[in-house]
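Asks: Got input_4.cif for you, mmCIF, C-alpha atoms:
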data_input
loop_
_atom_site.group_PDB
_atom_site.id
_atom_site.type_symbol
_atom_site.label_atom_id
_atom_site.label_comp_id
_atom_site.auth_asym_id
_atom_site.auth_seq_id
_atom_site.Cartn_x
_atom_site.Cartn_y
_atom_site.Cartn_z
ATOM 1 C CA MET A 152 65.647 169.928 105.501
ATOM 2 C CA GLN A 153 68.153 167.165 104.728
ATOM 3 C CA PRO A 154 71.863 167.735 105.539
ATOM 4 C CA SER A 155 74.073 168.262 102.512
ATOM 5 C CA ASP A 156 76.605 165.693 101.308
ATOM 6 C CA THR A 157 79.359 167.987 102.608
ATOM 7 C CA THR A 158 77.789 167.951 106.064
ATOM 8 C CA TYR A 159 77.714 164.149 106.072
ATOM 9 C CA THR A 160 81.381 164.028 105.057
ATOM 10 C CA ASP A 161 82.511 166.529 107.673
ATOM 11 C CA ASN A 162 80.299 165.327 110.503
ATOM 12 C CA THR A 163 80.418 161.536 110.307
ATOM 13 C CA ILE A 164 81.606 159.326 113.176
ATOM 14 C CA LEU A 165 83.174 155.937 112.455
ATOM 15 C CA ILE A 166 83.266 153.123 115.014
ATOM 16 C CA PHE A 167 86.067 150.725 114.089
ATOM 17 C CA GLU A 168 87.501 147.882 116.176
ATOM 18 C CA LYS A 169 91.126 149.102 116.106
ATOM 19 C CA PRO A 170 91.402 152.754 114.997
ATOM 20 C CA GLU A 171 95.184 152.558 115.216
ATOM 21 C CA ASN A 172 95.305 150.114 112.276
ATOM 22 C CA TYR A 173 95.598 150.716 108.533
ATOM 23 C CA PHE A 174 95.030 154.312 107.444
ATOM 24 C CA PHE A 175 92.453 155.098 110.140
ATOM 25 C CA PRO A 176 94.830 157.381 112.115
ATOM 26 C CA HIS A 177 94.516 159.682 109.079
ATOM 27 C CA TYR A 178 90.916 160.278 110.217
ATOM 28 C CA ARG A 179 91.759 160.897 113.878
ATOM 29 C CA GLY A 180 88.911 162.780 115.506
ATOM 30 C CA SER A 181 86.310 160.993 113.397
ATOM 31 C CA VAL A 182 87.077 157.316 114.122
ATOM 32 C CA PHE A 183 86.693 155.732 117.556
ATOM 33 C CA ALA A 184 87.156 152.346 119.194
ATOM 34 C CA PRO A 185 83.928 150.639 120.344
ATOM 35 C CA PHE A 186 85.159 150.198 123.926
ATOM 36 C CA GLY A 187 86.416 152.533 126.598
ATOM 37 C CA VAL A 188 88.152 149.689 128.442
ATOM 38 C CA PRO A 189 91.292 147.832 127.344
ATOM 39 C CA GLN A 190 91.073 144.384 125.775
ATOM 40 C CA PRO A 191 91.809 142.039 127.440
ATOM 41 C CA SER A 192 91.185 143.258 130.965
ATOM 42 C CA LEU A 193 89.033 142.387 133.970
ATOM 43 C CA ARG A 194 86.612 145.198 133.115
ATOM 44 C CA TYR A 195 86.310 143.885 129.565
ATOM 45 C CA LEU A 196 85.542 140.409 130.953
ATOM 46 C CA VAL A 197 82.793 141.928 133.112
ATOM 47 C CA TYR A 198 81.410 143.630 130.018
ATOM 48 C CA LYS A 199 81.359 140.378 128.023
ATOM 49 C CA ILE A 200 79.462 138.602 130.817
ATOM 50 C CA LEU A 201 76.858 141.381 130.924
ATOM 51 C CA TYR A 202 76.649 141.385 127.126
ATOM 52 C CA LEU A 203 76.234 137.618 126.760
ATOM 53 C CA LEU A 204 73.561 137.554 129.471
ATOM 54 C CA HIS A 205 71.697 140.460 127.803
ATOM 55 C CA LEU A 206 71.955 142.444 131.037
ATOM 56 C CA PRO A 207 71.674 146.256 131.176
ATOM 57 C CA CYS A 208 74.533 148.711 131.703
ATOM 58 C CA CYS A 209 76.664 147.392 128.803
ATOM 59 C CA SER A 210 76.829 150.884 127.337
ATOM 60 C CA MET A 211 78.836 152.163 130.324
ATOM 61 C CA PHE A 212 81.799 150.186 128.923
ATOM 62 C CA TRP A 213 81.560 151.735 125.452
ATOM 63 C CA GLY A 214 84.041 154.327 124.241
ATOM 64 C CA SER A 215 84.177 158.110 123.976
ATOM 65 C CA TRP A 216 82.217 157.978 120.713
ATOM 66 C CA ARG A 217 79.066 158.238 122.868
ATOM 67 C CA HIS A 218 79.874 161.898 123.540
ATOM 68 C CA HIS A 219 80.643 162.711 119.902
ATOM 69 C CA VAL A 220 77.502 161.177 118.375
ATOM 70 C CA LYS A 221 75.336 163.731 120.175
ATOM 71 C CA THR A 222 76.083 166.251 117.417
ATOM 72 C CA ALA A 223 76.879 163.890 114.517
ATOM 73 C CA GLU A 224 74.837 163.816 111.332
ATOM 74 C CA GLN A 225 75.845 160.216 110.623
ATOM 75 C CA VAL A 226 77.500 157.235 112.338
ATOM 76 C CA VAL A 227 78.962 154.286 110.433
ATOM 77 C CA ILE A 228 79.684 151.196 112.539
ATOM 78 C CA PHE A 229 82.100 148.676 111.026
ATOM 79 C CA ASP A 230 81.263 145.000 111.454
ATOM 80 C CA TYR A 231 83.957 144.186 114.031
ATOM 81 C CA GLY A 232 83.230 147.420 115.898
ATOM 82 C CA TYR A 233 79.531 146.694 116.312
ATOM 83 C CA GLN A 234 77.996 145.520 119.556
ATOM 84 C CA ARG A 235 74.335 144.688 119.955
ATOM 85 C CA GLY A 236 72.300 147.753 120.898
ATOM 86 C CA MET A 237 74.763 150.414 119.746
ATOM 87 C CA GLU A 238 72.359 151.877 117.200
ATOM 88 C CA ARG A 239 69.614 152.188 119.841
ATOM 89 C CA CYS A 240 72.037 153.940 122.189
ATOM 90 C CA ILE A 241 72.999 156.388 119.422
ATOM 91 C CA HIS A 242 69.372 157.145 118.620
ATOM 92 C CA ARG A 243 68.632 157.815 122.289
ATOM 93 C CA LEU A 244 71.505 160.312 122.357
ATOM 94 C CA ASN A 245 70.721 161.798 118.945
ATOM 95 C CA PRO A 246 67.323 160.857 117.455
ATOM 96 C CA HIS A 247 68.065 162.565 114.127
ATOM 97 C CA CYS A 248 71.400 160.820 113.502
ATOM 98 C CA ARG A 249 71.642 158.404 110.571
ATOM 99 C CA VAL A 250 73.211 155.091 111.733
ATOM 100 C CA SER A 251 74.556 152.479 109.300
ATOM 101 C CA LEU A 252 76.308 149.135 109.710
ATOM 102 C CA PHE A 253 79.105 148.427 107.227
ATOM 103 C CA PHE A 254 80.476 144.927 106.583
ATOM 104 C CA TRP A 255 84.142 145.633 105.897
ATOM 105 C CA ASN A 256 84.641 141.832 105.891
ATOM 106 C CA LYS A 257 82.629 138.955 104.473
ATOM 107 C CA VAL A 258 79.702 137.737 106.551
ATOM 108 C CA ASN A 259 81.009 134.800 108.582
ATOM 109 C CA ARG A 260 80.302 132.917 111.797
ATOM 110 C CA TYR A 261 81.936 135.674 113.872
ATOM 111 C CA ASN A 262 79.833 138.563 112.567
ATOM 112 C CA ARG A 263 76.687 136.835 111.259
ATOM 113 C CA SER A 264 74.619 137.968 114.269
ATOM 114 C CA HIS A 265 75.105 141.551 113.065
ATOM 115 C CA LEU A 266 72.522 140.827 110.381
ATOM 116 C CA ARG A 267 69.994 141.400 113.185
ATOM 117 C CA PHE A 268 70.910 145.099 113.198
ATOM 118 C CA SER A 269 67.641 146.875 114.027
ATOM 119 C CA ASP A 270 67.459 148.821 110.738
ATOM 120 C CA ALA A 271 67.682 146.200 107.980
ATOM 121 C CA GLY A 272 67.687 148.945 105.344
ATOM 122 C CA ALA A 273 70.869 150.472 106.742
ATOM 123 C CA ILE A 274 73.175 147.437 106.440
ATOM 124 C CA TYR A 275 75.881 147.711 103.784
ATOM 125 C CA SER A 276 78.613 145.410 102.534
ATOM 126 C CA THR A 277 81.660 145.757 100.325
ATOM 127 C CA ASP A 278 81.130 142.216 98.995
ATOM 128 C CA PRO A 279 78.658 142.079 96.052
ATOM 129 C CA GLU A 280 77.962 138.369 96.577
ATOM 130 C CA ASP A 281 77.031 138.937 100.241
ATOM 131 C CA CYS A 282 74.760 141.780 99.148
ATOM 132 C CA LYS A 283 72.870 139.365 96.892
ATOM 133 C CA ARG A 284 72.808 136.551 99.442
ATOM 134 C CA TYR A 285 71.640 138.565 102.446
ATOM 135 C CA GLY A 286 69.772 141.465 100.819
ATOM 136 C CA LEU A 287 72.335 144.093 101.877
ATOM 137 C CA LYS A 288 73.134 147.382 100.186
ATOM 138 C CA TYR A 289 76.470 147.698 98.399
ATOM 139 C CA ASN A 290 79.065 150.312 99.221
ATOM 140 C CA HIS A 291 82.615 150.213 97.915
ATOM 141 C CA ILE A 292 85.826 149.868 99.883
ATOM 142 C CA PHE A 293 87.683 153.171 100.117
ATOM 143 C CA TYR A 294 91.149 154.673 100.440
ATOM 144 C CA PRO A 295 92.439 158.128 101.459
ATOM 145 C CA ARG A 296 92.651 160.393 98.411
ATOM 146 C CA ASP A 297 95.505 162.220 100.155
ATOM 147 C CA TYR A 298 97.661 159.093 99.889
ATOM 148 C CA TYR A 299 97.717 159.212 96.086
ATOM 149 C CA THR A 300 101.243 158.707 94.747
ATOM 150 C CA PRO A 301 102.033 159.095 91.019
ATOM 151 C CA CYS A 302 104.009 156.272 89.458
ATOM 152 C CA PRO A 303 107.723 157.222 89.326
ATOM 153 C CA PRO A 304 109.932 156.115 86.405
ATOM 154 C CA ARG A 305 111.181 152.581 87.052
ATOM 155 C CA THR A 306 114.957 152.214 86.902
ATOM 156 C CA GLY A 307 115.704 149.160 89.032
ATOM 157 C CA PRO A 308 114.481 145.559 88.860
ATOM 158 C CA ASP A 309 110.812 144.717 89.379
ATOM 159 C CA ARG A 310 110.026 144.204 93.059
ATOM 160 C CA LEU A 311 106.928 142.642 94.640
ATOM 161 C CA PHE A 312 105.857 143.051 98.259
ATOM 162 C CA PHE A 313 103.196 141.039 100.103
ATOM 163 C CA LEU A 314 102.274 140.955 103.788
ATOM 164 C CA GLY A 315 99.333 138.919 105.042
ATOM 165 C CA ALA A 316 98.028 136.132 107.225
ATOM 166 C CA ASP A 317 98.238 132.506 106.096
ATOM 167 C CA LYS A 318 94.494 131.722 105.793
ATOM 168 C CA GLY A 319 95.450 128.491 104.021
ATOM 169 C CA ARG A 320 97.194 130.361 101.200
ATOM 170 C CA ILE A 321 100.847 129.746 102.047
ATOM 171 C CA PRO A 322 101.455 126.684 99.781
ATOM 172 C CA TYR A 323 100.108 128.559 96.745
ATOM 173 C CA ILE A 324 101.927 131.789 97.607
ATOM 174 C CA SER A 325 105.203 129.907 98.116
ATOM 175 C CA SER A 326 104.875 128.199 94.713
ATOM 176 C CA LEU A 327 103.938 131.493 93.059
ATOM 177 C CA LYS A 328 106.983 133.165 94.647
ATOM 178 C CA GLN A 329 109.286 130.659 92.984
ATOM 179 C CA LEU A 330 107.707 131.271 89.576
ATOM 180 C CA LEU A 331 107.819 135.062 89.960
ATOM 181 C CA GLU A 332 111.488 134.925 90.868
ATOM 182 C CA LYS A 333 112.123 132.914 87.697
ATOM 183 C CA SER A 334 110.384 135.761 85.859
ATOM 184 C CA GLY A 335 112.994 138.194 87.186
ATOM 185 C CA ILE A 336 110.938 139.698 90.025
ATOM 186 C CA SER A 337 112.509 140.320 93.417
ATOM 187 C CA CYS A 338 109.874 139.019 95.889
ATOM 188 C CA ASP A 339 109.553 140.176 99.487
ATOM 189 C CA ILE A 340 106.743 137.968 100.800
ATOM 190 C CA ARG A 341 105.923 137.876 104.511
ATOM 191 C CA ILE A 342 103.297 135.606 106.076
ATOM 192 C CA LEU A 343 102.228 136.264 109.661
ATOM 193 C CA GLN A 344 102.619 133.396 112.070
ATOM 194 C CA PRO A 345 99.534 132.700 114.223
ATOM 195 C CA ALA A 346 99.546 134.666 117.485
ATOM 196 C CA ALA A 347 100.400 132.981 120.759
ATOM 197 C CA GLY A 348 97.491 130.918 121.997
ATOM 198 C CA HIS A 349 96.305 130.043 118.496
ATOM 199 C CA SER A 350 96.924 126.705 116.853
ATOM 200 C CA CYS A 351 100.058 126.883 114.749
ATOM 201 C CA PRO A 352 100.357 124.698 111.643
ATOM 202 C CA ASP A 353 103.433 122.542 111.343
ATOM 203 C CA TYR A 354 104.996 124.508 108.486
ATOM 204 C CA PRO A 355 107.532 122.726 106.280
ATOM 205 C CA GLU A 356 111.081 124.075 106.409
ATOM 206 C CA SER A 357 110.648 125.513 102.899
ATOM 207 C CA PHE A 358 108.087 128.012 104.230
ATOM 208 C CA ARG A 359 110.186 129.280 107.141
ATOM 209 C CA ASP A 360 111.900 132.046 105.161
ATOM 210 C CA ILE A 361 108.617 133.863 104.493
ATOM 211 C CA LEU A 362 107.135 133.614 108.011
ATOM 212 C CA ILE A 363 107.318 136.628 110.325
ATOM 213 C CA PRO A 364 106.298 136.872 114.014
ATOM 214 C CA ARG A 365 104.558 140.265 114.057
ATOM 215 C CA ARG A 366 102.467 142.566 111.903
ATOM 216 C CA LEU A 367 104.007 145.791 110.624
ATOM 217 C CA SER A 368 102.403 149.102 111.498
ATOM 218 C CA TYR A 369 100.730 150.675 108.485
ATOM 219 C CA ASP A 370 103.458 153.326 108.292
ATOM 220 C CA GLU A 371 106.081 150.554 108.234
ATOM 221 C CA TYR A 372 104.058 148.748 105.589
ATOM 222 C CA LEU A 373 103.806 151.854 103.403
ATOM 223 C CA ALA A 374 107.570 152.363 103.718
ATOM 224 C CA GLN A 375 108.076 148.893 102.204
ATOM 225 C CA LEU A 376 105.627 149.666 99.397
ATOM 226 C CA LYS A 377 107.686 152.680 98.317
ATOM 227 C CA ASP A 378 110.413 150.375 97.042
ATOM 228 C CA CYS A 379 108.138 148.012 95.113
ATOM 229 C CA ASN A 380 106.175 148.340 91.886
ATOM 230 C CA ILE A 381 104.039 145.174 92.153
ATOM 231 C CA LEU A 382 101.450 144.081 94.716
ATOM 232 C CA LEU A 383 100.011 140.615 95.201
ATOM 233 C CA ASP A 384 96.334 140.041 96.026
ATOM 234 C CA ILE A 385 95.200 136.503 96.893
ATOM 235 C CA ASN A 386 91.518 136.349 97.859
ATOM 236 C CA GLN A 387 89.953 133.964 100.318
ATOM 237 C CA GLU A 388 87.654 131.321 98.884
ATOM 238 C CA GLY A 389 84.245 132.771 98.000
ATOM 239 C CA GLN A 390 85.375 136.385 98.296
ATOM 240 C CA SER A 391 84.298 138.776 95.540
ATOM 241 C CA ALA A 392 84.978 142.008 97.429
ATOM 242 C CA LEU A 393 87.936 144.198 96.664
ATOM 243 C CA THR A 394 90.741 144.086 99.197
ATOM 244 C CA MET A 395 92.903 146.858 100.586
ATOM 245 C CA ARG A 396 95.701 145.735 98.252
ATOM 246 C CA VAL A 397 93.570 146.554 95.237
ATOM 247 C CA MET A 398 93.010 150.055 96.609
ATOM 248 C CA GLU A 399 96.723 150.414 97.328
ATOM 249 C CA SER A 400 97.576 149.399 93.783
ATOM 250 C CA ILE A 401 95.273 152.133 92.441
ATOM 251 C CA TYR A 402 96.221 154.987 94.770
ATOM 252 C CA LEU A 403 99.926 154.142 95.131
ATOM 253 C CA SER A 404 100.343 153.433 91.390
ATOM 254 C CA LYS A 405 101.451 149.791 91.535
ATOM 255 C CA LYS A 406 100.898 146.899 89.166
ATOM 256 C CA LEU A 407 98.711 144.154 90.625
ATOM 257 C CA LEU A 408 98.697 140.366 90.441
ATOM 258 C CA THR A 409 95.327 139.161 91.730
ATOM 259 C CA SER A 410 93.269 136.001 92.057
ATOM 260 C CA ASN A 411 90.012 138.014 92.132
ATOM 261 C CA ARG A 412 88.259 137.101 88.896
ATOM 262 C CA HIS A 413 85.450 139.564 89.650
ATOM 263 C CA ILE A 414 87.859 142.470 89.228
ATOM 264 C CA VAL A 415 87.055 142.689 85.509
ATOM 265 C CA GLU A 416 83.555 143.903 86.493
ATOM 266 C CA TYR A 417 84.864 147.079 88.150
ATOM 267 C CA ASP A 418 85.207 150.380 86.336
ATOM 268 C CA PHE A 419 88.926 150.750 87.089
ATOM 269 C CA TYR A 420 89.961 147.413 85.564
ATOM 270 C CA ASP A 421 92.877 147.889 83.172
ATOM 271 C CA PRO A 422 94.750 144.832 81.824
ATOM 272 C CA ARG A 423 97.853 147.008 81.480
ATOM 273 C CA ASN A 424 97.942 147.362 85.274
ATOM 274 C CA ILE A 425 96.175 144.243 86.520
ATOM 275 C CA PHE A 426 97.085 140.619 85.846
ATOM 276 C CA ILE A 427 94.497 138.000 86.809
ATOM 277 C CA LEU A 428 96.090 134.798 88.047
ATOM 278 C CA PRO A 429 94.708 131.561 86.567
ATOM 279 C CA GLU A 430 91.975 129.784 88.497
ATOM 280 C CA GLU A 431 93.949 126.544 88.415
ATOM 281 C CA GLY A 432 97.718 126.263 88.539
ATOM 282 C CA LEU A 433 100.237 129.033 87.964
ATOM 283 C CA PRO A 434 100.793 131.495 85.117
ATOM 284 C CA SER A 435 103.748 130.993 82.807
ATOM 285 C CA VAL A 436 106.988 132.926 83.143
ATOM 286 C CA ARG A 437 106.352 134.384 79.673
ATOM 287 C CA GLU A 438 102.891 135.679 80.666
ATOM 288 C CA ILE A 439 104.319 137.480 83.693
ATOM 289 C CA GLN A 440 107.223 138.938 81.738
ATOM 290 C CA ASP A 441 104.936 140.167 78.935
ATOM 291 C CA PHE A 442 102.679 141.845 81.517
ATOM 292 C CA LEU A 443 105.593 143.622 83.172
ATOM 293 C CA LYS A 444 106.892 144.951 79.852
ATOM 294 C CA ILE A 445 103.738 147.061 79.502
ATOM 295 C CA PRO A 446 104.201 150.480 81.176
ATOM 296 C CA PHE A 447 101.910 151.300 84.105
ATOM 297 C CA HIS A 448 98.925 153.365 82.973
ATOM 298 C CA PRO A 449 97.908 156.040 85.540
ATOM 299 C CA TYR A 450 94.340 155.896 86.828
ATOM 300 C CA PRO A 451 92.215 158.972 86.011
ATOM 301 C CA ASP A 452 90.989 161.382 88.677
ATOM 302 C CA SER A 453 87.452 160.094 88.173
ATOM 303 C CA ILE A 454 88.519 156.670 89.507
ATOM 304 C CA LEU A 455 90.537 158.125 92.377
ATOM 305 C CA ASP A 456 87.536 160.238 93.389
ATOM 306 C CA SER A 457 84.973 157.435 93.132
ATOM 307 C CA TYR A 458 86.833 155.143 95.586
ATOM 308 C CA SER A 459 87.797 157.905 98.018
ATOM 309 C CA TYR A 460 86.690 158.217 101.635
ATOM 310 C CA GLU A 461 84.588 161.248 100.733
ATOM 311 C CA HIS A 462 82.662 159.364 98.046
ATOM 312 C CA TRP A 463 82.201 156.363 100.355
ATOM 313 C CA ILE A 464 80.680 158.564 103.063
ATOM 314 C CA LYS A 465 78.250 160.194 100.629
ATOM 315 C CA GLN A 466 77.002 156.789 99.483
ATOM 316 C CA PHE A 467 75.400 156.106 102.875
ATOM 317 C CA ALA A 468 73.298 159.219 102.518
ATOM 318 C CA SER A 469 72.291 158.597 98.909
ATOM 319 C CA LEU A 470 71.656 154.844 98.586
#
Could you quickly redo this structure as structure tokens?
Replies:
Amino acid sequence: MQPSDTTYTDNTILIFEKPENYFFPHYRGSVFAPFGVPQPSLRYLVYKILYLLHLPCCSMFWGSWRHHVKTAEQVVIFDYGYQRGMERCIHRLNPHCRVSLFFWNKVNRYNRSHLRFSDAGAIYSTDPEDCKRYGLKYNHIFYPRDYYTPCPPRTGPDRLFFLGADKGRIPYISSLKQLLEKSGISCDIRILQPAAGHSCPDYPESFRDILIPRRLSYDEYLAQLKDCNILLDINQEGQSALTMRVMESIYLSKKLLTSNRHIVEYDFYDPRNIFILPEEGLPSVREIQDFLKIPFHPYPDSILDSYSYEHWIKQFASL
């Protein structure tokens, strides 16, 4: 007898690289870090040596999730939480457990080896283009349904908030900021400086006012979003997947400026709420102003439900 969808939702374990990030603390008790040793540390270095040499005993360094999977119906391992052999370890502990690998990010040189996951039919991605290229199954990005916030009446000036890494986008974002401010939008744009030990670009002085030294916690980030009504979404080259900012715009009732041209293919697309930035150059001030004059149109419950955590979990059991 197959477990019900409700059982999968209630008894699923997630293995995510940093469970303290984003909204994952909301699922405390279900989401676990891959390792039981701090990174970096001497013990972690020992683990990496054993791992790279394909030596046994690697699993002794893995986290407390090993105890929880013994009674789980399903385990979903995120790409940057996966370590070679995890699925075999889980099946030794619980032979009847369903184990899936989920590419939360695009396939790249850092996670490409994960394509050798032992069950090729249980690899999923949130990027439709990667699904086509590598023969993966598609599952959508998700967001906590409990975070839904209705759109309040807007009384003050339009305000945009953006926080993200550079990823080669800072010249475009800086130019866009100037245009948006001419359109009457108050822009709070923050670009993370590379961490210590990483190569740091020689940023022009004009970029210094939008650079910040540290990432905000997700609670701090959400506090900033409360005071804005516009989000900015600038995709990396070749990315067709939806980002967290798209989900935030839906569930937190914000207008969205995005460079993702694939967004028109999704069932939630609404030109009253979403403005697609031109592929080349910048939009005009008039285009932005006309877009902002249109009142935000609330998303229906059917959309909020279909991109929820609960729906995402059920997809692994049904696809």
Asks: Please measure the separation of CA of Pro170 in chain A and CA of His219 in chain A, giving the value in Å to one decimal.
Replies: 15.5 Å
Asks: Check which residues satisfy the PyMOL selection byres ((chain A and resi 201-210) around 9) in the file shown, then give them as a PDB file with C-alpha atoms, keeping the file's coordinate frame.
Replies:
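Saved as part.pdb:
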ATOM      1  CA  LEU A 196      85.542 140.409 130.953  1.00  0.00           C
ATOM      2  CA  VAL A 197      82.793 141.928 133.112  1.00  0.00           C
ATOM      3  CA  TYR A 198      81.410 143.630 130.018  1.00  0.00           C
ATOM      4  CA  LYS A 199      81.359 140.378 128.023  1.00  0.00           C
ATOM      5  CA  ILE A 200      79.462 138.602 130.817  1.00  0.00           C
ATOM      6  CA  MET A 211      78.836 152.163 130.324  1.00  0.00           C
ATOM      7  CA  PHE A 212      81.799 150.186 128.923  1.00  0.00           C
ATOM      8  CA  TRP A 213      81.560 151.735 125.452  1.00  0.00           C
ATOM      9  CA  GLY A 214      84.041 154.327 124.241  1.00  0.00           C
ATOM     10  CA  ARG A 217      79.066 158.238 122.868  1.00  0.00           C
ATOM     11  CA  GLN A 234      77.996 145.520 119.556  1.00  0.00           C
ATOM     12  CA  ARG A 235      74.335 144.688 119.955  1.00  0.00           C
ATOM     13  CA  GLY A 236      72.300 147.753 120.898  1.00  0.00           C
ATOM     14  CA  MET A 237      74.763 150.414 119.746  1.00  0.00           C
ATOM     15  CA  CYS A 240      72.037 153.940 122.189  1.00  0.00           C
TER      16      CYS A 240
END
Asks: Which residues of range 269-299 of chain A have any atom within 8 Å of an atom in range 251-263 of chain A when counting all atoms listed in the file, and what is the closest pair of atoms for each, with the distance in Å to one decimal? Order the rows by chain and rising number and write it as JSON lines.
Replies:
{"residue": "A:Ala273", "atom": "CA", "partner": "A:Ser251", "partner_atom": "CA", "distance": 4.9}
{"residue": "A:Ile274", "atom": "CA", "partner": "A:Leu252", "partner_atom": "CA", "distance": 4.8}
{"residue": "A:Tyr275", "atom": "CA", "partner": "A:Phe253", "partner_atom": "CA", "distance": 4.8}
{"residue": "A:Ser276", "atom": "CA", "partner": "A:Phe254", "partner_atom": "CA", "distance": 4.5}
{"residue": "A:Thr277", "atom": "CA", "partner": "A:Trp255", "partner_atom": "CA", "distance": 6.1}
{"residue": "A:Asp278", "atom": "CA", "partner": "A:Lys257", "partner_atom": "CA", "distance": 6.5}
{"residue": "A:Asp281", "atom": "CA", "partner": "A:Val258", "partner_atom": "CA", "distance": 7.0}
{"residue": "A:Ile292", "atom": "CA", "partner": "A:Trp255", "partner_atom": "CA", "distance": 7.5}
Asks: Could you tell me which residues the PyMOL selection byres ((chain A and resi 403) around 8) returns for this structure, as a VMD selection string?
Replies: chain A and resid 298 to 302 399 to 402 404 to 405
Asks: Pick out the residues sitting within 9 Å of Pro446 in chain A, and hand them over as number ranges by chain; count only C-alpha atoms, and ignore anything fewer than 3 positions along from it in its own chain.
Replies: A: 423-424, 442-443
Asks: Run through the PyMOL selection byres ((chain A and resi 391) around 8) on the given coordinates and return the selected residues as a PyMOL selection string.
Replies: chain A and resi 278-280+386+389-390+392-393+411-413
Asks: Between A:Val188, A:Lys221, A:Val397, A:Phe229, single out the one closest to Phe167 in chain A, counting only C-alpha atoms.
Replies: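 Residue with the minimum atom-to-atom distance to Phe167 in chain A: A:Phe229.
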Asks: To one decimal place, how far is CA of Asp270 in chain A from CA of Phe293 in chain A in Å?
Replies: 23.3 Å
Asks: In Å, rounded to a single decimal, give me how far CA of Leu311 in chain A is from CA of Leu407 in chain A.
Replies: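 Interatomic distance here is 9.3 Å.
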Asks: Which is closer to Phe358 in chain A than all the others in A:Tyr372, A:Tyr323, A:Phe426, A:Tyr420, using all atoms listed in the file?
Replies: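 Answer, going by the shortest atom-to-atom distance: A:Tyr323.
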Asks: Would you compute, for all listed atoms of range 193-199 of chain A, the axis-aligned bounding box grown by 5 Å on each side, and then report its centre and edge lengths in Å rounded to one decimal, as JSON?
Replies:
{"center_x": 85.2, "center_y": 142.8, "center_z": 131.0, "size_x": 17.7, "size_y": 14.8, "size_z": 15.9}
Asks: Please report as a tab-separated table every residue of range 290-331 of chain A lying within 12 Å of range 176-183 of chain A, along with the nearest atom pair and their distance in Å (one decimal), using all atoms listed in the file.
Replies:
residue	atom	partner	partner_atom	distance
A:Tyr294	CA	A:His177	CA	10.5
A:Pro295	CA	A:His177	CA	8.0
A:Arg296	CA	A:His177	CA	10.9
A:Asp297	CA	A:His177	CA	9.3
A:Tyr298	CA	A:His177	CA	9.7
Asks: Write to file, as a PDB file, in the coordinates of the input, the residues of the selection just made, with C-alpha atoms.
Replies:
ATOM      1  CA  TYR A 294      91.149 154.673 100.440  1.00  0.00           C
ATOM      2  CA  PRO A 295      92.439 158.128 101.459  1.00  0.00           C
ATOM      3  CA  ARG A 296      92.651 160.393  98.411  1.00  0.00           C
ATOM      4  CA  ASP A 297      95.505 162.220 100.155  1.00  0.00           C
ATOM      5  CA  TYR A 298      97.661 159.093  99.889  1.00  0.00           C
TER       6      TYR A 298
END
Asks: For each of A:Ile414, A:Ile342, A:Thr409, A:Pro185, take the minimum atom-to-atom distance to Pro322 in chain A, counting all atoms listed in the file, then give the residue where this is smallest.
Replies: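 Answer, going by the shortest atom-to-atom distance: A:Ile342.
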Asks: Do you know which residues lie at most 12 Å from (111.8, 142.5, 87.8), with coordinates as in the file and all atoms listed in the file counted, and could you write them as a PyMOL selection string?
Replies: chain A and resi 305-311+331-338+379-381+406+436+439-444
Asks: Would you mind telling me which residue in A:Val226, A:Cys282, A:Met398, A:Ile340 lies nearest to Arg239 in chain A when using all atoms listed in the file?
Replies: A:Val226
Asks: Just checking: using only C-alpha atoms, which residue out of A:Asp421, A:Tyr460, A:Gln466, A:Gln225 ends up closest to Pro246 in chain A?
Replies: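 Checking each of A:Asp421, A:Tyr460, A:Gln466, A:Gln225 against Pro246 in chain A, counting only C-alpha atoms, the winner is A:Gln225.
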Asks: I need the residue nearest Ser469 in chain A from this list: A:His265, A:Tyr289, A:Pro191, A:Lys169. Use only C-alpha atoms for the distance.
Replies: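 Of A:His265, A:Tyr289, A:Pro191, A:Lys169, the one nearest Ser469 in chain A is A:Tyr289, counting only C-alpha atoms.
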Asks: Starting from the sparse input, extend range 177-182 of chain A to N, CA, C and O atoms and give the output as a compact mmCIF listing (two decimals), keeping the file's coordinate frame.
Replies:
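Listed below is the output, out_8.txt:
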# COMPACT_ATOMS: atom_id res chain seq x y z
N HIS A 177 94.66 158.52 109.96
CA HIS A 177 94.52 159.68 109.08
C HIS A 177 93.20 160.41 109.36
O HIS A 177 93.09 161.62 109.08
N TYR A 178 92.23 159.69 109.93
CA TYR A 178 90.92 160.28 110.22
C TYR A 178 90.72 160.47 111.72
O TYR A 178 89.59 160.42 112.22
N ARG A 179 91.83 160.70 112.43
CA ARG A 179 91.76 160.90 113.88
C ARG A 179 90.79 162.03 114.19
O ARG A 179 90.80 163.09 113.55
N GLY A 180 89.95 161.81 115.17
CA GLY A 180 88.91 162.78 115.51
C GLY A 180 87.55 162.39 114.97
O GLY A 180 86.52 162.87 115.45
N SER A 181 87.57 161.48 113.97
CA SER A 181 86.31 160.99 113.40
C SER A 181 86.11 159.50 113.63
O SER A 181 84.99 159.01 113.50
N VAL A 182 87.17 158.77 113.95
CA VAL A 182 87.08 157.32 114.12
C VAL A 182 87.40 156.96 115.57
O VAL A 182 88.36 157.48 116.14
